[in-house]
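Novice: Compact mmCIF, C-alpha atoms, saved as work25.txt, coming up:
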# COMPACT_ATOMS: atom_id res chain seq x y z
CA ALA A 659 -14.83 142.22 55.84
CA ASN A 660 -11.07 141.90 55.70
CA ASN A 661 -11.02 138.24 54.69
CA SER A 662 -10.49 138.89 50.92
CA ASP A 663 -8.59 141.26 48.67
CA SER A 664 -7.84 141.77 44.95
CA GLU A 665 -5.04 143.34 42.94
CA SER A 666 -4.86 144.17 39.22
CA THR A 667 -1.57 143.49 37.43
CA ARG A 668 -0.90 144.80 33.94
CA VAL A 669 1.17 142.51 31.75
CA ASN A 670 3.25 144.11 29.06
CA ASP A 671 3.66 141.91 25.97
CA ASN A 672 7.33 142.40 25.15
CA THR A 673 7.65 139.19 23.14
CA PRO A 674 10.30 139.85 20.49
CA PRO A 675 9.19 139.57 16.86
CA PRO A 676 10.14 136.37 15.00
CA PRO A 677 13.44 136.49 13.08
CA PRO A 678 13.14 137.37 9.40
CA ARG A 679 12.68 134.51 6.96
CA SER A 680 13.27 134.49 3.22
CA ASP A 681 12.46 131.56 0.96
CA LEU A 682 14.97 131.77 -1.88
CA ALA A 683 14.40 129.66 -5.00
CA ILE A 684 16.41 129.05 -8.16
CA SER A 685 15.60 127.65 -11.60
CA GLY A 686 17.38 127.46 -14.94
CA VAL A 687 17.10 126.52 -18.60
CA ALA A 688 19.57 125.92 -21.43
CA VAL A 689 19.18 127.99 -24.60
CA PRO A 690 19.16 126.28 -27.02
CA ALA A 691 17.96 123.09 -25.34
CA SER A 692 20.16 120.94 -27.59
CA ALA A 693 23.47 121.66 -29.31
CA VAL A 694 26.46 120.22 -31.14
CA THR A 695 30.07 120.17 -30.03
CA GLY A 696 31.78 123.50 -30.54
CA GLN A 697 28.51 125.42 -30.12
CA SER A 698 27.85 128.12 -27.52
CA VAL A 699 24.98 127.65 -25.06
CA ASP A 700 23.43 130.07 -22.55
CA PHE A 701 22.36 128.77 -19.15
CA ARG A 702 19.71 131.26 -18.05
CA VAL A 703 19.26 131.22 -14.29
CA THR A 704 16.41 132.88 -12.39
CA ALA A 705 16.65 133.66 -8.67
CA SER A 706 13.44 134.35 -6.73
CA ASN A 707 12.65 135.55 -3.23
CA LEU A 708 9.34 133.96 -2.22
CA GLY A 709 9.35 135.89 1.06
CA PRO A 710 7.99 136.72 3.42
CA ASP A 711 10.97 138.98 4.19
CA ALA A 712 13.77 140.60 2.23
CA ASN A 713 17.15 138.93 1.95
CA SER A 714 20.69 140.21 1.47
CA ALA A 715 24.14 139.00 0.45
CA VAL A 716 22.47 136.68 -2.04
CA ARG A 717 24.96 134.42 -3.81
CA ILE A 718 24.58 131.99 -6.69
CA ASP A 719 27.17 129.27 -7.25
CA GLY A 720 27.38 127.08 -10.33
CA THR A 721 29.37 124.03 -11.37
CA LEU A 722 29.46 122.89 -14.98
CA SER A 723 30.48 119.40 -16.07
CA ALA A 724 33.71 118.78 -17.98
CA ALA A 725 31.88 118.64 -21.31
CA LEU A 726 31.29 122.39 -21.00
CA ALA A 727 33.79 125.26 -21.07
CA ILE A 728 32.60 128.41 -19.29
CA VAL A 729 32.94 131.55 -21.41
CA SER A 730 31.32 134.21 -19.24
CA ALA A 731 28.80 134.89 -16.47
CA SER A 732 26.80 138.07 -15.92
CA GLY A 733 23.51 139.45 -14.63
CA THR A 734 22.07 142.81 -13.58
CA GLY A 735 23.05 143.47 -9.97
CA PHE A 736 25.47 140.52 -9.89
CA SER A 737 29.25 140.47 -9.72
CA CYS A 738 30.50 137.18 -11.16
CA SER A 739 33.81 135.35 -11.22
CA VAL A 740 34.79 132.20 -13.11
CA SER A 741 37.35 129.62 -12.03
CA GLY A 742 37.72 126.47 -14.09
CA GLN A 743 34.37 124.68 -14.10
CA THR A 744 32.81 126.89 -11.41
CA VAL A 745 31.15 130.28 -11.35
CA ALA A 746 30.26 132.45 -8.35
CA CYS A 747 27.88 135.42 -8.58
CA GLN A 748 27.31 137.80 -5.66
CA ARG A 749 24.31 140.14 -5.64
CA ALA A 750 24.70 143.60 -4.18
CA GLY A 751 22.12 145.19 -1.87
CA SER A 752 18.77 143.93 -0.66
CA PHE A 753 16.72 141.27 -2.42
CA ALA A 754 13.11 142.15 -1.70
CA SER A 755 10.29 139.71 -1.13
CA SER A 756 8.62 138.70 -4.46
CA GLN A 757 11.63 140.01 -6.40
CA THR A 758 13.35 138.02 -9.14
CA ALA A 759 16.77 138.41 -10.73
CA ASP A 760 18.32 136.79 -13.79
CA LEU A 761 21.86 135.90 -14.76
CA THR A 762 23.35 134.15 -17.79
CA VAL A 763 26.24 131.70 -17.83
CA ARG A 764 27.58 131.20 -21.35
CA ALA A 765 29.48 128.03 -22.15
CA THR A 766 30.77 126.06 -25.13
CA VAL A 767 30.33 122.35 -25.65
CA ARG A 768 33.89 121.05 -25.83
CA PRO A 769 34.82 119.33 -29.13
CA GLY A 770 35.43 115.64 -28.60
CA SER A 771 33.13 115.44 -25.57
CA THR A 772 30.93 112.40 -25.05
CA ALA A 773 30.06 112.69 -21.33
CA ALA A 774 26.91 114.30 -19.96
CA ALA A 775 26.65 118.08 -20.15
CA THR A 776 25.12 119.45 -16.94
CA ALA A 777 25.08 122.71 -15.02
CA ASP A 778 24.33 122.72 -11.26
CA PHE A 779 23.32 125.96 -9.55
CA SER A 780 22.58 126.83 -5.92
CA ILE A 781 21.44 129.97 -4.09
CA ALA A 782 21.95 131.22 -0.53
CA GLY A 783 21.55 134.47 1.41
CA ALA A 784 22.15 136.02 4.81
CA VAL A 785 18.55 135.57 6.02
CA THR A 786 17.22 132.23 7.29
CA ASP A 787 15.65 130.22 4.49
CA PRO A 788 12.73 128.08 5.75
CA VAL A 789 12.61 125.93 2.59
CA SER A 790 15.81 124.28 1.38
CA GLN A 791 14.35 122.02 -1.31
CA ASN A 792 14.23 124.84 -3.90
CA ASN A 793 17.74 126.17 -3.27
CA SER A 794 19.39 124.18 -6.06
CA THR A 795 18.71 123.11 -9.62
CA ARG A 796 20.37 121.06 -12.35
CA VAL A 797 20.12 121.91 -16.05
CA SER A 798 20.94 119.14 -18.51
CA LEU A 799 21.91 119.80 -22.12
CA ASN A 800 21.43 117.35 -24.96
CA TYR A 801 24.21 117.49 -27.53
CA GLN A 802 25.84 115.53 -30.30
CA SER A 803 29.06 115.67 -32.28
CA GLY A 804 29.30 118.64 -34.61
CA GLY A 805 31.38 116.57 -37.06
CA ALA A 806 34.20 117.83 -39.24
CA ASP A 807 33.58 120.27 -42.08
CA LEU A 808 36.17 119.34 -44.72
CA SER A 809 36.89 121.36 -47.86
CA ILE A 810 39.27 120.85 -50.76
CA THR A 811 40.89 123.08 -53.39
CA MET A 812 43.06 122.12 -56.35
CA THR A 813 45.28 124.19 -58.64
CA ASP A 814 47.55 123.24 -61.53
CA SER A 815 51.17 124.34 -61.71
CA VAL A 816 50.98 125.59 -65.29
CA ASP A 817 48.21 126.31 -67.76
CA PRO A 818 48.49 125.86 -70.69
CA VAL A 819 51.07 123.09 -70.69
CA ARG A 820 53.41 121.97 -73.48
CA ALA A 821 52.77 118.63 -75.13
CA GLY A 822 54.69 115.87 -73.34
CA ALA A 823 55.68 118.12 -70.43
CA GLU A 824 55.29 117.23 -66.76
CA PHE A 825 53.20 119.40 -64.47
CA SER A 826 51.44 119.00 -61.12
CA TYR A 827 48.16 119.43 -59.28
CA ALA A 828 48.44 120.95 -55.80
CA ILE A 829 45.60 119.83 -53.53
CA ASN A 830 44.83 121.52 -50.21
CA VAL A 831 42.49 119.97 -47.61
CA SER A 832 41.09 122.07 -44.72
CA ASN A 833 39.03 121.15 -41.67
CA ALA A 834 36.69 123.88 -40.40
CA GLY A 835 35.72 121.67 -37.43
CA PRO A 836 34.40 121.67 -34.86
CA GLU A 837 35.77 118.12 -34.50
CA ALA A 838 39.02 116.60 -35.71
CA ALA A 839 38.69 114.49 -38.86
CA SER A 840 40.15 111.00 -38.95
CA GLY A 841 40.54 108.72 -41.96
CA VAL A 842 40.80 111.67 -44.37
CA ARG A 843 41.04 110.37 -47.92
CA VAL A 844 41.49 112.31 -51.15
CA SER A 845 40.52 110.72 -54.44
CA ASP A 846 41.24 112.29 -57.84
CA THR A 847 40.34 110.88 -61.24
CA LEU A 848 42.86 111.99 -63.88
CA PRO A 849 41.76 112.72 -67.43
CA ALA A 850 42.37 109.73 -69.71
CA ALA A 851 44.99 111.65 -71.75
CA LEU A 852 47.26 112.30 -68.76
CA THR A 853 49.99 109.95 -67.55
CA PHE A 854 50.40 109.54 -63.81
CA VAL A 855 53.92 110.22 -62.51
CA SER A 856 53.74 110.38 -58.70
CA ALA A 857 51.69 111.56 -55.72
CA SER A 858 52.87 112.58 -52.26
CA GLY A 859 52.08 114.76 -49.24
CA ALA A 860 53.16 115.00 -45.60
CA GLY A 861 51.40 112.22 -43.72
CA PHE A 862 49.71 110.87 -46.86
CA SER A 863 49.99 107.38 -48.32
CA CYS A 864 49.06 107.39 -52.02
CA THR A 865 48.08 104.65 -54.44
CA ARG A 866 46.93 104.57 -58.09
CA ASN A 867 44.40 102.35 -59.76
CA GLY A 868 44.20 103.21 -63.44
CA GLN A 869 43.47 106.92 -63.65
CA ILE A 870 42.22 107.12 -60.04
CA VAL A 871 44.72 108.42 -57.48
CA THR A 872 43.83 107.88 -53.82
CA CYS A 873 45.75 109.43 -50.91
CA THR A 874 44.94 108.62 -47.26
CA LEU A 875 46.08 110.77 -44.34
CA ALA A 876 47.59 108.68 -41.53
CA ASN A 877 46.79 111.04 -38.64
CA ALA A 878 43.67 112.98 -37.73
CA LEU A 879 43.31 116.47 -39.19
CA ALA A 880 42.61 118.84 -36.30
CA ALA A 881 39.84 121.43 -36.42
CA GLY A 882 41.20 124.60 -38.02
CA ALA A 883 44.11 122.75 -39.63
CA SER A 884 44.93 122.12 -43.28
CA THR A 885 47.23 119.81 -45.19
CA ALA A 886 48.45 119.52 -48.76
CA LEU A 887 49.52 116.95 -51.34
CA VAL A 888 50.82 117.05 -54.91
CA ILE A 889 49.97 114.83 -57.87
CA ASN A 890 52.54 114.90 -60.69
CA VAL A 891 51.40 114.04 -64.22
CA ARG A 892 52.61 114.19 -67.83
CA ALA A 893 50.70 115.82 -70.67
CA PRO A 894 50.07 113.82 -73.88
Could the structure of this file be written out as structure tokens, please?

Specialist:
Amino acid sequence: ANNSDSESTRVNDNTPPPPPRSDLAISGVAVPASAVTGQSVDFRVTASNLGPDANSAVRIDGTLSAALAIVSASGTGFSCSVSGQTVACQRAGSFASSQTADLTVRATVRPGSTAAATADFSIAGAVTDPVSQNNSTRVSLNYQSGGADLSITMTDSVDPVRAGAEFSYAINVSNAGPEAASGVRVSDTLPAALTFVSASGAGFSCTRNGQIVTCTLANALAAGASTALVINVRAP
């Protein structure tokens, strides 16, 4: 009768819970999707927490290519700083599971640019992220040259003019940009009754063919700049 025995042992399950995990994801678009040099563009970035747990100390970093000049960066709940071609945005507080947050990075397409315009963004947080493939995104912007918007004005030195007297036409050329203008040429056809005397202007080389006066600017006219020339004539 004493050849067997039994004992019950209670096992406490004290297995610690798994560490929190938070699948952060990031996406972005350029608005507008295409632009011209000198134009402002918004890179709209969306951060998402796909869970299953909350995250904290969420940070978004961005690097823009040399064709783009960063103007500003902002978003609700974010504190952003800009340094050269990079932007860093830190989010305060907790970032709950299934929550999204938006920020906008505004940039200008640099005049004279021909290289690709891209914006690379990445996201990270304090909680372990089980999926790394969605932690970065690249936004590409299509753009083309904005050209040079040239304008011209002309005024005469005296009106009316005495018969046989010399007077002049002052011509002003302006470039509203966004690009510099090269090969600027001004052509003016004089009335048949006028006699050409001379034409000159800083940087201009002028020629006459009959009543047509043509002046060519040697150097490029920068965006926002203007230049002037004078055509001297004699009244009949």

Novice: Pick from A:Ser666, A:Ser737, A:Ser809, A:Thr847: nearest to Asn830 in chain A, with only C-alpha atoms counted?

Specialist: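 Ranked by minimum distance to Asn830 in chain A, first place goes to A:Ser809.
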
Novice: Would you compute the distance between CA of Ala773 in chain A and CA of Ser794 in chain A? Give it in Å to one decimal.

Specialist: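 If I compute the distance from CA of Ala773 in chain A to CA of Ser794 in chain A, I get 21.9 Å.
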
Novice: Using all atoms listed in the file, which protein or nucleic acid residues come within 6 Å of Leu708 in chain A? Drop anything in the same chain fewer than 2 positions from it, and give the result as a ChimeraX atom specification.

Specialist: /A:681,755-756

Novice: Restricting the calculation to only C-alpha atoms, which member of A:Thr786, A:Asn792, A:Gln697, A:Asn713 is positioned closest to Ser752 in chain A?

Specialist: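 Once distances to Ser752 in chain A are computed over only C-alpha atoms, the minimum belongs to A:Asn713.
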
Novice: Determine the nearest neighbour of Asn707 in chain A from the options A:Ala731, A:Leu799, A:Ala683, A:Leu808, counting only C-alpha atoms.

Specialist: A:Ala683

Novice: Counting all atoms listed in the file, which of A:Ser840, A:Gln757, A:Thr885, A:Ser845 gets nearest to Ala860 in chain A?

Specialist: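 Checking each of A:Ser840, A:Gln757, A:Thr885, A:Ser845 against Ala860 in chain A, counting all atoms listed in the file, the winner is A:Thr885.
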
Novice: Give me the residues within 9 Å of Ala724 in chain A as a PyMOL selection string, counting all atoms listed in the file and dropping any in the same chain fewer than 6 places off.

Specialist: chain A and resi 743+768+771+773-776

Novice: Taking only C-alpha atoms into account, name the residue in A:Gly696, A:Phe753, A:Cys738, A:Asp787 that is nearest to Ala838 in chain A.

Specialist: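 For Ala838 in chain A, the nearest of the candidates is A:Gly696.
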
Novice: I need the residue nearest Ala857 in chain A from this list: A:Pro769, A:Val888, A:Arg843, A:Ala883. Use only C-alpha atoms for the distance.

Specialist: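 Smallest distance to Ala857 in chain A is found for A:Val888.
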
Novice: How many Å separate CA of Thr704 in chain A from CA of Pro676 in chain A?

Specialist: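 One can read the CA of Thr704 in chain A to CA of Pro676 in chain A distance as 28.3 Å.
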
Novice: Find the residues around Thr865 in chain A up to 10 Å (all atoms listed in the file counted), leave out those fewer than 5 positions away in its own chain, and share them as a short mmCIF file (atom, residue, chain, number, x, y, z; two decimals) with C-alpha atoms, in the coordinates of the input.

Specialist:
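part.cif written:
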data_model
loop_
_atom_site.label_atom_id
_atom_site.label_comp_id
_atom_site.auth_asym_id
_atom_site.auth_seq_id
_atom_site.Cartn_x
_atom_site.Cartn_y
_atom_site.Cartn_z
CA SER A 845 40.52 110.72 -54.44
CA SER A 856 53.74 110.38 -58.70
CA ALA A 857 51.69 111.56 -55.72
CA SER A 858 52.87 112.58 -52.26
CA ILE A 870 42.22 107.12 -60.04
CA VAL A 871 44.72 108.42 -57.48
CA THR A 872 43.83 107.88 -53.82
CA CYS A 873 45.75 109.43 -50.91
CA THR A 874 44.94 108.62 -47.26
#

Novice: Work out how far apart CA of Ala765 in chain A and CA of Ser706 in chain A are and give it in Å to one decimal.

Specialist: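 CA of Ala765 in chain A sits 23.1 Å away from CA of Ser706 in chain A.
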